[in-house]
>>> print(open('protein_22.txt').read())   # compact mmCIF, C-alpha atoms
# COMPACT_ATOMS: atom_id res chain seq x y z
CA MET A 16 -9.33 1.79 19.92
CA ASP A 17 -5.54 1.72 19.98
CA LEU A 18 -4.70 -0.02 16.70
CA LYS A 19 -1.03 -0.39 17.64
CA SER A 20 -2.08 -2.66 20.49
CA LYS A 21 -3.71 -4.95 17.91
CA ILE A 22 -0.51 -5.41 15.90
CA ARG A 23 1.88 -8.11 17.10
CA SER A 24 5.58 -7.18 17.13
CA ILE A 25 7.92 -10.09 16.48
CA PRO A 26 11.59 -9.40 17.23
CA ASP A 27 14.38 -10.79 15.04
CA PHE A 28 12.12 -11.74 12.12
CA PRO A 29 12.92 -12.29 9.29
CA GLU A 30 16.46 -11.64 10.55
CA LYS A 31 18.21 -10.54 13.73
CA GLY A 32 17.65 -6.88 14.59
CA VAL A 33 14.37 -6.54 12.66
CA ILE A 34 11.04 -6.09 14.42
CA PHE A 35 8.29 -7.52 12.22
CA ARG A 36 4.91 -5.77 12.54
CA ASP A 37 2.39 -8.58 12.11
CA ILE A 38 -1.06 -7.32 11.07
CA THR A 39 -2.69 -10.75 11.17
CA THR A 40 -3.60 -10.10 14.79
CA LEU A 41 -5.41 -6.90 13.74
CA LEU A 42 -7.16 -8.63 10.83
CA LYS A 43 -8.68 -11.32 13.04
CA GLU A 44 -10.50 -8.76 15.22
CA PRO A 45 -13.53 -7.39 13.34
CA GLU A 46 -13.61 -4.04 15.16
CA ALA A 47 -9.88 -3.45 14.68
CA LEU A 48 -10.11 -4.35 10.98
CA GLN A 49 -13.07 -2.02 10.53
CA GLN A 50 -11.28 0.82 12.30
CA ALA A 51 -8.12 0.30 10.22
CA VAL A 52 -10.10 0.48 6.97
CA ASP A 53 -12.09 3.48 8.24
CA GLN A 54 -8.94 5.37 9.24
CA LEU A 55 -7.24 4.68 5.91
CA GLN A 56 -10.39 5.80 4.10
CA HIS A 57 -10.64 8.94 6.24
CA LYS A 58 -7.16 10.02 5.08
CA LEU A 59 -8.56 10.22 1.53
CA LYS A 60 -11.71 12.24 2.25
CA GLU A 61 -10.41 15.52 0.76
CA LEU A 62 -8.86 13.94 -2.34
CA GLU A 63 -10.28 13.59 -5.83
CA TYR A 64 -9.34 10.29 -7.42
CA ASP A 65 -10.68 7.70 -9.84
CA VAL A 66 -8.86 4.49 -9.03
CA ILE A 67 -7.27 2.64 -6.11
CA LEU A 68 -4.23 0.46 -6.70
CA GLY A 69 -3.30 -2.16 -4.12
CA PRO A 70 -0.10 -4.19 -4.26
CA GLU A 71 -0.12 -7.92 -3.66
CA SER A 72 -1.11 -9.08 -1.21
CA ARG A 73 -1.80 -6.89 1.79
CA GLY A 74 -2.63 -3.86 -0.34
CA PHE A 75 -5.55 -5.97 -1.59
CA LEU A 76 -6.81 -6.37 1.98
CA PHE A 77 -7.12 -2.64 2.60
CA GLY A 78 -7.53 -1.19 -0.90
CA MET A 79 -10.43 -3.37 -1.99
CA PRO A 80 -12.90 -2.48 0.80
CA ILE A 81 -12.11 1.22 0.38
CA ALA A 82 -12.63 1.00 -3.38
CA TYR A 83 -15.95 -0.74 -2.73
CA ASN A 84 -17.05 1.84 -0.14
CA GLN A 85 -16.08 4.77 -2.37
CA LYS A 86 -17.44 3.23 -5.59
CA LYS A 87 -14.00 3.39 -7.21
CA ALA A 88 -12.21 0.97 -9.46
CA PHE A 89 -9.63 -1.32 -7.84
CA ILE A 90 -6.52 -2.40 -9.72
CA PRO A 91 -4.30 -5.14 -8.33
CA VAL A 92 -0.53 -4.76 -8.54
CA ARG A 93 0.83 -8.29 -8.86
CA LYS A 94 4.11 -10.11 -8.67
CA LYS A 95 5.65 -10.88 -12.06
CA GLY A 96 3.95 -13.66 -13.98
CA LYS A 97 0.57 -13.52 -12.22
CA LEU A 98 -1.37 -11.40 -14.74
CA PRO A 99 -2.60 -13.02 -17.97
CA ALA A 100 -2.68 -10.05 -20.39
CA LYS A 101 0.02 -7.65 -21.57
CA THR A 102 1.59 -5.80 -18.64
CA ILE A 103 3.65 -2.82 -17.55
CA CYS A 104 6.31 -4.10 -15.19
CA LYS A 105 8.91 -2.56 -12.97
CA GLU A 106 11.87 -4.12 -11.23
CA TYR A 107 12.90 -2.68 -7.88
CA ALA A 108 15.52 -3.32 -5.22
CA LEU A 109 14.92 -5.31 -2.06
CA GLU A 110 17.27 -5.68 0.90
CA TYR A 111 18.28 -9.10 -0.45
CA GLY A 112 17.93 -8.75 -4.22
CA THR A 113 15.30 -7.52 -6.65
CA ALA A 114 11.64 -8.15 -7.38
CA THR A 115 9.34 -7.30 -10.25
CA ILE A 116 5.75 -6.11 -10.03
CA GLU A 117 3.24 -5.46 -12.79
CA ILE A 118 -0.16 -4.17 -13.74
CA HIS A 119 -2.15 -4.84 -16.88
CA GLU A 120 -1.22 -2.44 -19.64
CA ASP A 121 -4.89 -1.48 -20.08
CA ALA A 122 -5.63 -1.12 -16.33
CA LEU A 123 -5.28 2.66 -16.30
CA LYS A 124 -6.40 5.37 -18.67
CA LYS A 125 -4.39 8.47 -19.41
CA GLY A 126 -5.23 11.24 -16.97
CA GLN A 127 -6.81 9.03 -14.31
CA LYS A 128 -6.10 10.02 -10.72
CA VAL A 129 -4.77 7.17 -8.61
CA VAL A 130 -4.45 6.44 -4.89
CA ILE A 131 -2.08 3.64 -3.87
CA ILE A 132 -3.03 1.81 -0.66
CA ASP A 133 -0.82 -0.66 1.17
CA ASP A 134 -0.29 -2.00 4.66
CA LEU A 135 3.30 -0.85 5.15
CA LEU A 136 5.76 1.84 4.10
CA ALA A 137 9.31 0.71 4.82
CA THR A 138 12.10 1.74 2.44
CA GLY A 139 9.68 2.98 -0.24
CA GLY A 140 11.09 0.84 -3.06
CA THR A 141 7.87 -0.99 -3.88
CA ALA A 142 5.80 2.18 -3.62
CA LYS A 143 8.16 4.12 -5.90
CA ALA A 144 8.07 1.32 -8.50
CA ILE A 145 4.26 1.39 -8.45
CA ALA A 146 4.24 5.17 -8.91
CA GLU A 147 6.57 4.82 -11.91
CA MET A 148 4.20 2.26 -13.51
CA VAL A 149 1.21 4.55 -12.93
CA GLU A 150 3.04 7.46 -14.55
CA GLU A 151 4.25 5.28 -17.44
CA ALA A 152 0.58 4.48 -18.11
CA GLY A 153 -0.18 8.22 -18.30
CA ALA A 154 -2.07 8.39 -15.01
CA GLU A 155 -1.34 10.55 -11.95
CA VAL A 156 -0.52 9.43 -8.42
CA VAL A 157 -2.67 11.57 -6.12
CA ALA A 158 -1.53 9.97 -2.85
CA PHE A 159 -0.14 6.97 -1.03
CA ASP A 160 -2.08 5.70 1.97
CA PHE A 161 -0.40 3.23 4.36
CA LEU A 162 -1.65 1.58 7.53
CA ILE A 163 1.88 1.48 9.00
CA GLU A 164 4.96 3.62 8.37
CA LEU A 165 8.37 2.53 9.65
CA LYS A 166 9.85 6.00 10.03
CA ASP A 167 13.47 4.91 10.62
CA LEU A 168 13.61 3.33 7.16
CA LYS A 169 12.89 6.73 5.53
CA GLY A 170 10.50 5.51 2.83
CA ARG A 171 8.75 8.88 2.94
CA GLU A 172 11.96 10.48 1.61
CA VAL A 173 11.90 8.16 -1.42
CA LEU A 174 8.32 9.33 -2.02
CA LYS A 175 9.02 13.02 -1.30
CA ASN A 176 7.35 14.14 -4.54
CA TYR A 177 4.04 12.56 -3.52
CA VAL A 178 1.40 12.98 -0.84
CA VAL A 179 2.04 10.26 1.74
CA GLU A 180 -0.47 9.39 4.48
CA SER A 181 -0.08 6.80 7.22
CA VAL A 182 -2.33 5.78 10.08
CA LEU A 183 0.34 4.38 12.44
CA GLN A 184 4.01 5.26 12.75
CA TYR A 185 6.75 3.18 14.35
>>> encode(input="protein_22.txt", output="structure tokens")
Amino acid sequence: MDLKSKIRSIPDFPEKGVIFRDITTLLKEPEALQQAVDQLQHKLKELEYDVILGPESRGFLFGMPIAYNQKKAFIPVRKKGKLPAKTICKEYALEYGTATIEIHEDALKKGQKVVIIDDLLATGGTAKAIAEMVEEAGAEVVAFDFLIELKDLKGREVLKNYVVESVLQY
């Protein structure tokens, strides 16, 4: 199955000149969803890791089923203010300002090996902030695994010190 054909491209959203890659059209087709999860999971087959982190909210969609299939822990990365216990947080730059993400302070143990799964690699800012939180907790980022990579935005360069996998490239 051609997964790219299952992703809707919306020109000029959220602003003129941007092509938004809408995965909701992929998610609503059971076979496409299954293949997307399988292909992301396949990228990890040679890696040793303990934990999968998935950023809110689309990282949850892909990270959770892979964690379940692989019998690994899943740790949500949330927007600031959504987690009830003490957190590690990181502010990062967006095109139009800043945002803050966080994980529970006790979510990771020192020395754990972590894979970060998300739907999209664009500029790499969110991914880099997540890696910094993982390292601050004393754990190790083994790899990033993305469904989509927007190559022109050069997020891979921001993550050059890490293993970066992607299923689809635009």
>>> closest_atom_pairs(input="protein_22.txt", of="region 108-140 of chain A", to="region 162-175 of chain A", cutoff="7 Å", atoms="all atoms listed in the file", output="tab-separated table")
residue	atom	partner	partner_atom	distance
A:Asp133	CA	A:Leu162	CA	6.8
A:Asp134	CA	A:Leu162	CA	4.8
A:Leu135	CA	A:Ile163	CA	4.7
A:Leu136	CA	A:Glu164	CA	4.7
A:Ala137	CA	A:Leu165	CA	5.2
A:Thr138	CA	A:Gly170	CA	4.1
A:Gly139	CA	A:Gly170	CA	4.1
>>> closest_residue(input="protein_22.txt", among="A:Leu59, A:Val130, A:Val92, A:Arg73", to="Asp37 (chain A)", atoms="only C-alpha atoms")
A:Arg73
>>> atom_distance(input="protein_22.txt", atom1="CA of Ala154 (chain A)", atom2="CA of Lys125 (chain A)")
5.0 Å
>>> residues_around(input="protein_22.txt", residues="region 101-113 of chain A", least_positions_apart="4", cutoff="7 Å", atoms="all atoms listed in the file", output="list of chain:residue names")
A:Glu117, A:Ile118, A:His119, A:Glu120, A:Gly140, A:Thr141, A:Ala144, A:Met148
>>> residues_around(input="protein_22.txt", residues="Ile22 (chain A)", least_positions_apart="6", cutoff="10 Å", atoms="all atoms listed in the file", output="PDB file with C-alpha atoms, in the coordinates of the input")
ATOM      1  CA  PHE A  35       8.290  -7.520  12.220  1.00  0.00           C
ATOM      2  CA  ARG A  36       4.910  -5.770  12.540  1.00  0.00           C
ATOM      3  CA  ASP A  37       2.390  -8.580  12.110  1.00  0.00           C
ATOM      4  CA  ILE A  38      -1.060  -7.320  11.070  1.00  0.00           C
ATOM      5  CA  THR A  39      -2.690 -10.750  11.170  1.00  0.00           C
ATOM      6  CA  THR A  40      -3.600 -10.100  14.790  1.00  0.00           C
ATOM      7  CA  LEU A  41      -5.410  -6.900  13.740  1.00  0.00           C
ATOM      8  CA  LEU A  42      -7.160  -8.630  10.830  1.00  0.00           C
ATOM      9  CA  ALA A  47      -9.880  -3.450  14.680  1.00  0.00           C
TER      10      ALA A  47
END
>>> closest_residue(input="protein_22.txt", among="A:Glu180, A:Asp121, A:Glu61, A:Glu147", to="Phe161 (chain A)", atoms="only C-alpha atoms")
A:Glu180
>>> closest_residue(input="protein_22.txt", among="A:Ile34, A:Leu123, A:Ile145, A:Ile131", to="Asp160 (chain A)", atoms="all atoms listed in the file")
A:Ile131
>>> closest_residue(input="protein_22.txt", among="A:Lys60, A:Val33, A:Gly69, A:Pro99", to="Gln85 (chain A)", atoms="all atoms listed in the file")
A:Lys60
>>> atom_distance(input="protein_22.txt", atom1="CA of Leu18 (chain A)", atom2="CA of Lys86 (chain A)")
25.9 Å
>>> atom_distance(input="protein_22.txt", atom1="CA of Val149 (chain A)", atom2="CA of Tyr177 (chain A)")
12.7 Å
>>> closest_residue(input="protein_22.txt", among="A:Phe159, A:Val179, A:Ile116, A:Phe75", to="Lys95 (chain A)", atoms="only C-alpha atoms")
A:Ile116
>>> closest_residue(input="protein_22.txt", among="A:Phe28, A:Val182, A:Ala122, A:Glu63", to="Gly153 (chain A)", atoms="all atoms listed in the file")
A:Ala122
>>> build_atoms(input="protein_22.txt", residues="region 94-119 of chain A", atoms="N, CA, C and O atoms", output="short mmCIF file (atom, residue, chain, number, x, y, z; two decimals), in the coordinates of the input")
data_model
loop_
_atom_site.label_atom_id
_atom_site.label_comp_id
_atom_site.auth_asym_id
_atom_site.auth_seq_id
_atom_site.Cartn_x
_atom_site.Cartn_y
_atom_site.Cartn_z
N LYS A 94 2.75 -9.64 -8.45
CA LYS A 94 4.11 -10.11 -8.67
C LYS A 94 4.22 -10.58 -10.12
O LYS A 94 3.22 -11.00 -10.72
N LYS A 95 5.41 -10.51 -10.67
CA LYS A 95 5.65 -10.88 -12.06
C LYS A 95 5.10 -12.28 -12.36
O LYS A 95 5.27 -13.21 -11.57
N GLY A 96 4.43 -12.38 -13.51
CA GLY A 96 3.95 -13.66 -13.98
C GLY A 96 2.56 -14.05 -13.51
O GLY A 96 2.07 -15.13 -13.85
N LYS A 97 1.89 -13.18 -12.76
CA LYS A 97 0.57 -13.52 -12.22
C LYS A 97 -0.58 -12.96 -13.04
O LYS A 97 -1.72 -13.35 -12.85
N LEU A 98 -0.31 -12.02 -13.93
CA LEU A 98 -1.37 -11.40 -14.74
C LEU A 98 -1.36 -11.98 -16.14
O LEU A 98 -0.30 -12.12 -16.76
N PRO A 99 -2.53 -12.29 -16.70
CA PRO A 99 -2.60 -13.02 -17.97
C PRO A 99 -2.45 -12.17 -19.23
O PRO A 99 -2.11 -12.70 -20.28
N ALA A 100 -2.74 -10.88 -19.18
CA ALA A 100 -2.68 -10.05 -20.39
C ALA A 100 -1.36 -9.27 -20.41
O ALA A 100 -0.53 -9.40 -19.51
N LYS A 101 -1.21 -8.44 -21.43
CA LYS A 101 0.02 -7.65 -21.57
C LYS A 101 0.16 -6.70 -20.38
O LYS A 101 -0.83 -6.10 -19.94
N THR A 102 1.38 -6.56 -19.87
CA THR A 102 1.59 -5.80 -18.64
C THR A 102 2.64 -4.69 -18.78
O THR A 102 3.46 -4.70 -19.70
N ILE A 103 2.57 -3.78 -17.82
CA ILE A 103 3.65 -2.82 -17.55
C ILE A 103 4.33 -3.38 -16.32
O ILE A 103 3.66 -3.71 -15.33
N CYS A 104 5.64 -3.55 -16.36
CA CYS A 104 6.31 -4.10 -15.19
C CYS A 104 7.48 -3.22 -14.78
O CYS A 104 8.00 -2.45 -15.57
N LYS A 105 7.83 -3.37 -13.53
CA LYS A 105 8.91 -2.56 -12.97
C LYS A 105 9.68 -3.42 -11.99
O LYS A 105 9.11 -4.06 -11.11
N GLU A 106 11.00 -3.44 -12.17
CA GLU A 106 11.87 -4.12 -11.23
C GLU A 106 12.33 -3.11 -10.18
O GLU A 106 12.55 -1.95 -10.50
N TYR A 107 12.46 -3.56 -8.95
CA TYR A 107 12.90 -2.68 -7.88
C TYR A 107 13.78 -3.45 -6.92
O TYR A 107 13.77 -4.67 -6.89
N ALA A 108 14.55 -2.72 -6.14
CA ALA A 108 15.52 -3.32 -5.22
C ALA A 108 14.86 -3.71 -3.90
O ALA A 108 14.02 -2.98 -3.37
N LEU A 109 15.27 -4.84 -3.40
CA LEU A 109 14.92 -5.31 -2.06
C LEU A 109 16.21 -5.36 -1.25
O LEU A 109 17.31 -5.25 -1.80
N GLU A 110 16.09 -5.57 0.05
CA GLU A 110 17.27 -5.68 0.90
C GLU A 110 18.16 -6.83 0.44
O GLU A 110 19.37 -6.80 0.59
N TYR A 111 17.56 -7.86 -0.13
CA TYR A 111 18.28 -9.10 -0.45
C TYR A 111 18.26 -9.44 -1.94
O TYR A 111 18.50 -10.58 -2.31
N GLY A 112 17.98 -8.48 -2.79
CA GLY A 112 17.93 -8.75 -4.22
C GLY A 112 16.99 -7.81 -4.93
O GLY A 112 16.89 -6.63 -4.58
N THR A 113 16.27 -8.33 -5.91
CA THR A 113 15.30 -7.52 -6.65
C THR A 113 13.99 -8.29 -6.77
O THR A 113 13.95 -9.50 -6.58
N ALA A 114 12.95 -7.56 -7.11
CA ALA A 114 11.64 -8.15 -7.38
C ALA A 114 11.03 -7.38 -8.53
O ALA A 114 11.46 -6.27 -8.85
N THR A 115 10.03 -7.96 -9.14
CA THR A 115 9.34 -7.30 -10.25
C THR A 115 7.84 -7.35 -9.97
O THR A 115 7.30 -8.38 -9.56
N ILE A 116 7.20 -6.21 -10.18
CA ILE A 116 5.75 -6.11 -10.03
C ILE A 116 5.17 -5.63 -11.36
O ILE A 116 5.88 -5.07 -12.20
N GLU A 117 3.86 -5.86 -11.53
CA GLU A 117 3.24 -5.46 -12.79
C GLU A 117 1.76 -5.18 -12.63
O GLU A 117 1.13 -5.63 -11.67
N ILE A 118 1.27 -4.41 -13.59
CA ILE A 118 -0.16 -4.17 -13.74
C ILE A 118 -0.50 -4.42 -15.21
O ILE A 118 0.38 -4.37 -16.07
N HIS A 119 -1.75 -4.69 -15.48
CA HIS A 119 -2.15 -4.84 -16.88
C HIS A 119 -1.94 -3.52 -17.61
O HIS A 119 -2.21 -2.45 -17.06
#
